[in-house]
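Next comes structure-v9.cif, a file with mmCIF, C-alpha atoms and all ligand atoms.
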data_input
#
loop_
_atom_site.label_atom_id
_atom_site.label_comp_id
_atom_site.auth_asym_id
_atom_site.auth_seq_id
_atom_site.Cartn_x
_atom_site.Cartn_y
_atom_site.Cartn_z
CA MET M 1 35.66 -80.06 32.43
CA SER M 2 33.48 -77.26 31.34
CA VAL M 3 30.07 -76.72 32.82
CA GLY M 4 29.13 -75.39 29.45
CA THR M 5 27.27 -72.26 28.66
CA ILE M 6 24.27 -71.65 30.79
CA MET M 7 21.55 -70.71 28.40
CA PRO M 8 19.06 -68.16 29.56
CA THR M 9 15.60 -69.59 29.88
CA SER M 10 13.57 -68.76 26.85
CA SER M 11 12.01 -65.63 28.26
CA GLN M 12 10.53 -64.69 24.89
CA ASP M 13 8.31 -67.71 25.11
CA HIS M 14 6.77 -66.58 28.35
CA THR M 15 4.64 -63.64 27.52
CA ASP M 16 3.47 -61.70 30.51
CA ALA M 17 -0.21 -61.02 29.90
CA LYS M 18 -0.04 -57.76 31.81
CA SER M 19 2.75 -56.29 29.71
CA ASP M 20 1.76 -57.80 26.39
CA GLN M 21 0.86 -54.76 24.35
CA THR M 22 0.05 -56.62 21.15
CA THR M 23 -2.95 -55.05 19.48
CA ARG M 24 -5.79 -57.53 19.45
CA ASN M 25 -9.49 -57.74 20.13
CA CYS M 26 -10.83 -57.43 23.63
CA PRO M 27 -12.53 -60.84 23.97
CA GLU M 28 -15.55 -59.29 25.68
CA CYS M 29 -16.40 -56.11 23.77
CA GLY M 30 -14.45 -56.80 20.58
CA ALA M 31 -12.51 -53.51 20.57
CA ARG M 32 -9.14 -53.52 18.80
CA ILE M 33 -6.71 -52.33 21.41
CA ALA M 34 -3.12 -52.77 22.55
CA GLY M 35 -3.15 -55.35 25.32
CA GLY M 36 -6.60 -56.73 24.44
CA ARG M 37 -8.80 -57.26 27.52
CA VAL M 38 -6.18 -55.78 29.88
CA GLY M 39 -5.72 -52.73 27.65
CA CYS M 40 -9.49 -52.25 27.41
CA GLU M 41 -9.83 -52.24 31.20
CA ALA M 42 -6.84 -49.87 31.57
CA LEU M 43 -8.44 -47.45 29.14
CA PHE M 44 -11.69 -47.48 31.08
CA ASN M 45 -9.75 -46.93 34.30
CA GLU M 46 -8.26 -43.76 32.75
CA PHE M 47 -11.82 -42.53 32.29
CA ARG M 48 -12.77 -43.43 35.87
CA PHE M 49 -9.77 -41.51 37.10
CA GLN M 50 -10.79 -38.46 35.08
CA ALA M 51 -14.35 -38.80 36.38
CA LEU M 52 -13.04 -38.34 39.91
CA SER M 53 -11.48 -34.97 39.13
CA ASN M 54 -13.90 -33.54 36.56
CA PRO M 55 -17.54 -33.24 37.72
CA HIS M 56 -18.81 -33.01 34.12
CA VAL M 57 -17.24 -36.38 33.41
CA GLY M 58 -18.27 -37.62 36.85
CA ALA M 59 -21.91 -36.94 35.96
CA VAL M 60 -21.83 -39.59 33.23
CA HIS M 61 -19.65 -42.02 35.16
CA TRP M 62 -22.42 -44.40 36.17
CA LEU M 63 -23.98 -44.40 32.72
CA ALA M 64 -20.57 -45.23 31.24
CA PHE M 65 -19.85 -47.87 33.86
CA ASP M 66 -23.16 -49.69 33.37
CA THR M 67 -22.67 -49.57 29.60
CA TYR M 68 -19.14 -50.94 29.97
CA CYS M 69 -20.43 -53.72 32.23
CA MET M 70 -23.12 -54.75 29.75
CA GLN M 71 -20.38 -55.19 27.13
CA HIS M 72 -18.11 -57.06 29.60
CA ILE M 73 -20.43 -59.72 30.97
CA ASP M 74 -17.71 -62.21 31.93
CA THR M 75 -16.04 -59.65 34.17
CA TYR M 76 -18.95 -57.70 35.62
CA CYS M 77 -22.13 -59.71 35.22
CA GLN M 78 -21.28 -63.24 36.28
CA SER M 79 -24.19 -63.60 38.68
CA ALA M 80 -27.85 -63.05 37.86
CA LYS M 81 -27.94 -60.24 40.43
CA SER M 82 -25.00 -58.34 38.99
CA TYR M 83 -26.48 -58.78 35.51
CA ALA M 84 -29.81 -57.44 36.74
CA ALA M 85 -28.13 -54.54 38.49
CA HIS M 86 -26.29 -53.26 35.42
CA LEU M 87 -29.13 -53.93 32.99
CA THR M 88 -31.67 -52.07 35.11
CA ARG M 89 -29.25 -49.26 35.92
CA LEU M 90 -28.48 -48.79 32.22
CA CYS M 91 -32.22 -48.71 31.56
CA CYS M 92 -32.69 -46.16 34.33
CA GLY M 93 -29.87 -43.98 33.02
CA LEU M 94 -31.31 -43.84 29.53
CA GLU M 95 -35.07 -44.27 29.79
CA PHE M 96 -35.71 -42.72 33.19
CA GLY M 97 -33.20 -39.87 33.04
CA GLY M 98 -31.08 -41.40 35.79
CA ASN M 99 -33.95 -41.21 38.29
CA LEU M 100 -32.37 -41.36 41.75
CA ASP M 101 -35.31 -43.22 43.31
CA ILE M 102 -34.87 -46.04 40.81
CA TYR M 103 -31.10 -46.14 41.25
CA ALA M 104 -31.67 -46.42 45.02
CA ALA M 105 -34.40 -49.06 44.71
CA ILE M 106 -32.29 -51.45 42.63
CA PRO M 107 -29.70 -52.43 45.31
CA ARG M 108 -32.41 -52.59 48.01
CA TRP M 109 -34.28 -55.06 45.81
CA LEU M 110 -31.17 -57.06 44.95
CA ASP M 111 -29.96 -57.24 48.55
CA GLY M 112 -33.05 -59.21 49.47
CA THR M 113 -33.55 -62.94 49.15
CA ILE M 114 -34.92 -62.95 45.65
CA THR M 115 -34.64 -65.54 42.96
CA LEU M 116 -33.50 -64.27 39.62
CA GLU M 117 -32.76 -66.02 36.41
CA LYS M 118 -29.92 -64.64 34.34
CA PRO M 119 -31.05 -64.33 30.73
CA ALA M 120 -29.02 -65.75 27.86
CA VAL M 121 -25.94 -63.61 27.28
CA LEU M 122 -26.26 -61.81 23.96
CA GLU M 123 -23.60 -62.54 21.36
CA LYS M 124 -23.87 -59.07 19.83
CA ARG M 125 -23.60 -56.37 22.48
CA GLY M 126 -22.96 -53.41 20.18
CA SER M 127 -20.15 -52.68 17.73
CA MET M 128 -19.31 -49.30 19.25
CA THR M 129 -16.97 -49.71 22.21
CA PHE M 130 -15.28 -47.57 24.82
CA VAL M 131 -12.26 -47.24 22.50
CA ASP M 132 -14.51 -45.19 20.18
CA VAL M 133 -15.60 -43.04 23.11
CA TRP M 134 -12.24 -42.25 24.58
CA ASN M 135 -10.44 -41.28 21.39
CA THR M 136 -11.55 -37.64 21.44
CA SER M 137 -9.92 -34.26 21.80
CA SER M 138 -12.33 -32.65 24.25
CA VAL M 139 -14.21 -33.53 27.41
CA GLU M 140 -17.46 -32.30 25.83
CA GLU M 141 -17.05 -34.71 22.95
CA THR M 142 -16.23 -37.58 25.30
CA ILE M 143 -19.42 -36.92 27.26
CA GLN M 144 -21.47 -36.72 24.08
CA ARG M 145 -19.98 -39.97 22.84
CA ILE M 146 -20.72 -41.71 26.13
CA HIS M 147 -24.40 -40.95 25.56
CA THR M 148 -24.17 -42.20 21.97
CA TRP M 149 -22.35 -45.35 23.09
CA ALA M 150 -24.81 -46.05 25.94
CA ASN M 151 -27.78 -45.70 23.56
CA HIS M 152 -26.03 -47.91 21.02
CA VAL M 153 -25.47 -50.69 23.56
CA TRP M 154 -28.99 -50.31 24.94
CA THR M 155 -30.35 -50.75 21.41
CA ALA M 156 -28.31 -53.95 21.10
CA TYR M 157 -30.17 -55.15 24.21
CA ALA M 158 -33.61 -54.51 22.66
CA SER M 159 -34.63 -58.14 23.24
CA GLN M 160 -34.15 -57.61 27.00
CA HIS M 161 -35.85 -54.21 27.37
CA ALA M 162 -39.07 -55.82 28.55
CA LEU M 163 -37.12 -57.80 31.16
CA ALA M 164 -35.38 -54.63 32.35
CA HIS M 165 -38.74 -52.85 32.68
CA GLU M 166 -40.16 -55.78 34.64
CA TRP M 167 -37.15 -55.83 36.95
CA ILE M 168 -37.43 -52.08 37.58
CA ARG M 169 -41.12 -52.55 38.39
CA LEU M 170 -40.19 -55.28 40.88
CA ALA M 171 -37.44 -53.13 42.39
CA LEU M 172 -39.81 -50.20 42.92
CA SER M 173 -42.50 -52.39 44.47
CA HIS M 174 -40.06 -54.30 46.67
CA LYS M 175 -40.70 -53.97 50.39
CA PRO M 176 -37.63 -54.84 52.42
CA ALA M 177 -38.24 -57.47 55.09
CA ARG M 178 -38.12 -56.13 58.60
ZN ZN I 1 -13.43 -54.56 26.15
#
Representation of the structure as structure tokens:
Amino acid sequence: MSVGTIMPTSSQDHTDAKSDQTTRNCPECGARIAGGRVGCEALFNEFRFQALSNPHVGAVHWLAFDTYCMQHIDTYCQSAKSYAAHLTRLCCGLEFGGNLDIYAAIPRWLDGTITLEKPAVLEKRGSMTFVDVWNTSSVEETIQRIHTWANHVWTAYASQHALAHEWIRLALSHKPAR
């Protein structure tokens, strides 16, 4: 009696999300990229790695990170506090020249027992994505594009600029409880 041929399990049917390099849209920022959401994050991690070794890139790291977060709300801005942190930091980076006092005031404010309401998540968070930033031949161009991209995303958030300004005002006037 034959035990018959043992068929391999249909491995093609089980696509490993981590190794799936099919080009598709990142569900959060909309970029067309191999691997979709995973590929988008991997690309941004390449930038973060470069930022560690190149101080010129490092100088725009926070601006890029806050911009990336405001396009990837599901990953980075689940809570009202994380949303407020990245929105106000992006505002600070662009409208206040990355003022260090404001950057420092934001986490002090958010660490306190404050009640925040997360605003409605915007459907359109800018058509330019990190894929457009990273595809350059020089570091200088990458840095320039990060500024362009950050401004582009900030413009998409125009309806929440007033909220960001109000939150920064609250952060600066916040007195930590003793
Ligand atoms: Zn993305």
Query raised in the report: Skipping near chain neighbours, those fewer than 2 positions away, what residues fall within 8 Å of stretch 35-37 of chain M using only C-alpha atoms, listed as a VMD selection string?
Result: chain M and resid 17 to 28 31 to 33 39 to 41
At a cut-off of 10 Å, using all atoms listed in the file, what residues contact M:Ile168? Leave out same-chain residues fewer than 6 positions from it and give the result as an mmCIF file with C-alpha atoms, in the frame of the given file.
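File written: out_19.cif
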data_model
loop_
_atom_site.group_PDB
_atom_site.id
_atom_site.type_symbol
_atom_site.label_atom_id
_atom_site.label_comp_id
_atom_site.auth_asym_id
_atom_site.auth_seq_id
_atom_site.Cartn_x
_atom_site.Cartn_y
_atom_site.Cartn_z
ATOM 1 C CA ALA M 84 -29.810 -57.440 36.740
ATOM 2 C CA ALA M 85 -28.130 -54.540 38.490
ATOM 3 C CA LEU M 87 -29.130 -53.930 32.990
ATOM 4 C CA THR M 88 -31.670 -52.070 35.110
ATOM 5 C CA ARG M 89 -29.250 -49.260 35.920
ATOM 6 C CA CYS M 91 -32.220 -48.710 31.560
ATOM 7 C CA CYS M 92 -32.690 -46.160 34.330
ATOM 8 C CA ILE M 102 -34.870 -46.040 40.810
ATOM 9 C CA TYR M 103 -31.100 -46.140 41.250
ATOM 10 C CA ALA M 105 -34.400 -49.060 44.710
ATOM 11 C CA ILE M 106 -32.290 -51.450 42.630
ATOM 12 C CA TRP M 109 -34.280 -55.060 45.810
ATOM 13 C CA ALA M 162 -39.070 -55.820 28.550
ATOM 14 C CA HIS M 174 -40.060 -54.300 46.670
#
Query raised in the report: Which neighbours of M:Arg48 fall inside 12 Å, counting only C-alpha atoms, when residues of the same chain fewer than 5 positions from it are skipped, and could you give them as number ranges by chain?
Result: M: 41-43, 53-55, 57-65, 68, 134
Query raised in the report: What gap, in Å, lies between atom CA of M:Trp149 and atom CA of M:Phe130?
Result: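 Separation between atom CA of M:Trp149 and atom CA of M:Phe130: 7.6 Å.
Nearest residue to M:Met128, choosing from M:Ser159, M:Gln71, M:Asn99, M:Gln144 and counting all atoms listed in the file: M:Gln71.
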Report summary line: Across M:Ala150, M:Cys69, M:Leu172, M:Val121, the smallest distance to ligand ZN 1 (chain I), with all atoms listed in the file counted, is shown by M:Cys69
Query raised in the report: Nearest to ligand ZN 1 (chain I): which of M:Arg125, M:His152, M:Lys118, M:Arg169 is it, counting all atoms listed in the file?
Result: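 Among M:Arg125, M:His152, M:Lys118, M:Arg169, it is M:Arg125 that comes nearest to ligand ZN 1 (chain I).
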Give me the box for stretch 126-133 of chain M as AutoDock Vina command-line options, namely the centre and edge lengths in Å to one decimal of a box along x, y and z that holds every listed atom plus 8 Å on each side.
--center_x -17.6 --center_y -48.2 --center_z 21.3 --size_x 26.7 --size_y 26.4 --size_z 23.1
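Here the question is which of M:Phe44, M:Glu95, M:Ile73, M:Val38 gets nearest to M:Val131 using all atoms listed in the file, and that residue is M:Phe44.
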Query raised in the report: Interatomic distance between atom CA of M:Thr136 and atom CA of M:Phe49?
Result: 16.2 Å
Query raised in the report: Which is closest to ligand ZN 1 (chain I) among M:Ala34, M:Ala156, M:Ala80, M:Ala120, if we use all atoms listed in the file?
Result: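 Answer, going by the shortest atom-to-atom distance: M:Ala34.
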Query raised in the report: Which is closest to ligand ZN 1 (chain I) among M:Asp111, M:Asp101, M:Asp132, M:Glu117, if we use all atoms listed in the file?
Result: M:Asp132
Query raised in the report: Could you work out how far atom CA of M:Ser137 lies from atom CA of M:Tyr76, giving the answer in Å with one decimal?
Result: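 Interatomic distance, atom CA of M:Tyr76 to atom CA of M:Ser137: 28.7 Å.
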Completion step: stretch 24-45 of chain M with N, CA and C atoms as a compact mmCIF listing (two decimals), in the frame of the given file:
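out_3.txt, written as the output of this step:
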# COMPACT_ATOMS: atom_id res chain seq x y z
N ARG M 24 -4.88 -56.44 19.77
CA ARG M 24 -5.79 -57.53 19.45
C ARG M 24 -7.18 -57.17 19.97
N ASN M 25 -8.12 -58.04 19.72
CA ASN M 25 -9.49 -57.74 20.13
C ASN M 25 -9.70 -58.03 21.61
N CYS M 26 -10.37 -57.13 22.28
CA CYS M 26 -10.83 -57.43 23.63
C CYS M 26 -11.84 -58.57 23.47
N PRO M 27 -11.65 -59.69 24.17
CA PRO M 27 -12.53 -60.84 23.97
C PRO M 27 -13.97 -60.58 24.41
N GLU M 28 -14.19 -59.53 25.18
CA GLU M 28 -15.55 -59.29 25.68
C GLU M 28 -16.33 -58.25 24.87
N CYS M 29 -15.68 -57.13 24.52
CA CYS M 29 -16.40 -56.11 23.77
C CYS M 29 -16.00 -56.07 22.30
N GLY M 30 -14.88 -56.73 21.97
CA GLY M 30 -14.45 -56.80 20.58
C GLY M 30 -13.60 -55.64 20.10
N ALA M 31 -13.31 -54.67 20.96
CA ALA M 31 -12.51 -53.51 20.57
C ALA M 31 -11.10 -53.94 20.19
N ARG M 32 -10.54 -53.30 19.16
CA ARG M 32 -9.14 -53.52 18.80
C ARG M 32 -8.31 -52.60 19.67
N ILE M 33 -7.46 -53.16 20.48
CA ILE M 33 -6.71 -52.33 21.41
C ILE M 33 -5.42 -53.03 21.85
N ALA M 34 -4.38 -52.22 22.05
CA ALA M 34 -3.12 -52.77 22.55
C ALA M 34 -3.36 -53.40 23.92
N GLY M 35 -2.96 -54.67 24.04
CA GLY M 35 -3.15 -55.35 25.32
C GLY M 35 -4.48 -56.08 25.43
N GLY M 36 -5.33 -55.99 24.43
CA GLY M 36 -6.60 -56.73 24.44
C GLY M 36 -7.45 -56.41 25.66
N ARG M 37 -7.91 -57.44 26.36
CA ARG M 37 -8.80 -57.26 27.52
C ARG M 37 -8.16 -56.36 28.58
N VAL M 38 -6.86 -56.57 28.86
CA VAL M 38 -6.18 -55.78 29.88
C VAL M 38 -6.10 -54.32 29.45
N GLY M 39 -5.79 -54.09 28.17
CA GLY M 39 -5.72 -52.73 27.65
C GLY M 39 -7.07 -52.04 27.68
N CYS M 40 -8.13 -52.80 27.40
CA CYS M 40 -9.49 -52.25 27.41
C CYS M 40 -9.84 -51.78 28.82
N GLU M 41 -9.53 -52.60 29.80
CA GLU M 41 -9.83 -52.24 31.20
C GLU M 41 -8.99 -51.03 31.63
N ALA M 42 -7.72 -50.99 31.21
CA ALA M 42 -6.84 -49.87 31.57
C ALA M 42 -7.37 -48.57 30.99
N LEU M 43 -7.89 -48.64 29.77
CA LEU M 43 -8.44 -47.45 29.14
C LEU M 43 -9.66 -46.95 29.92
N PHE M 44 -10.50 -47.89 30.32
CA PHE M 44 -11.69 -47.48 31.08
C PHE M 44 -11.29 -46.92 32.44
N ASN M 45 -10.24 -47.46 33.02
CA ASN M 45 -9.75 -46.93 34.30
C ASN M 45 -9.24 -45.50 34.16
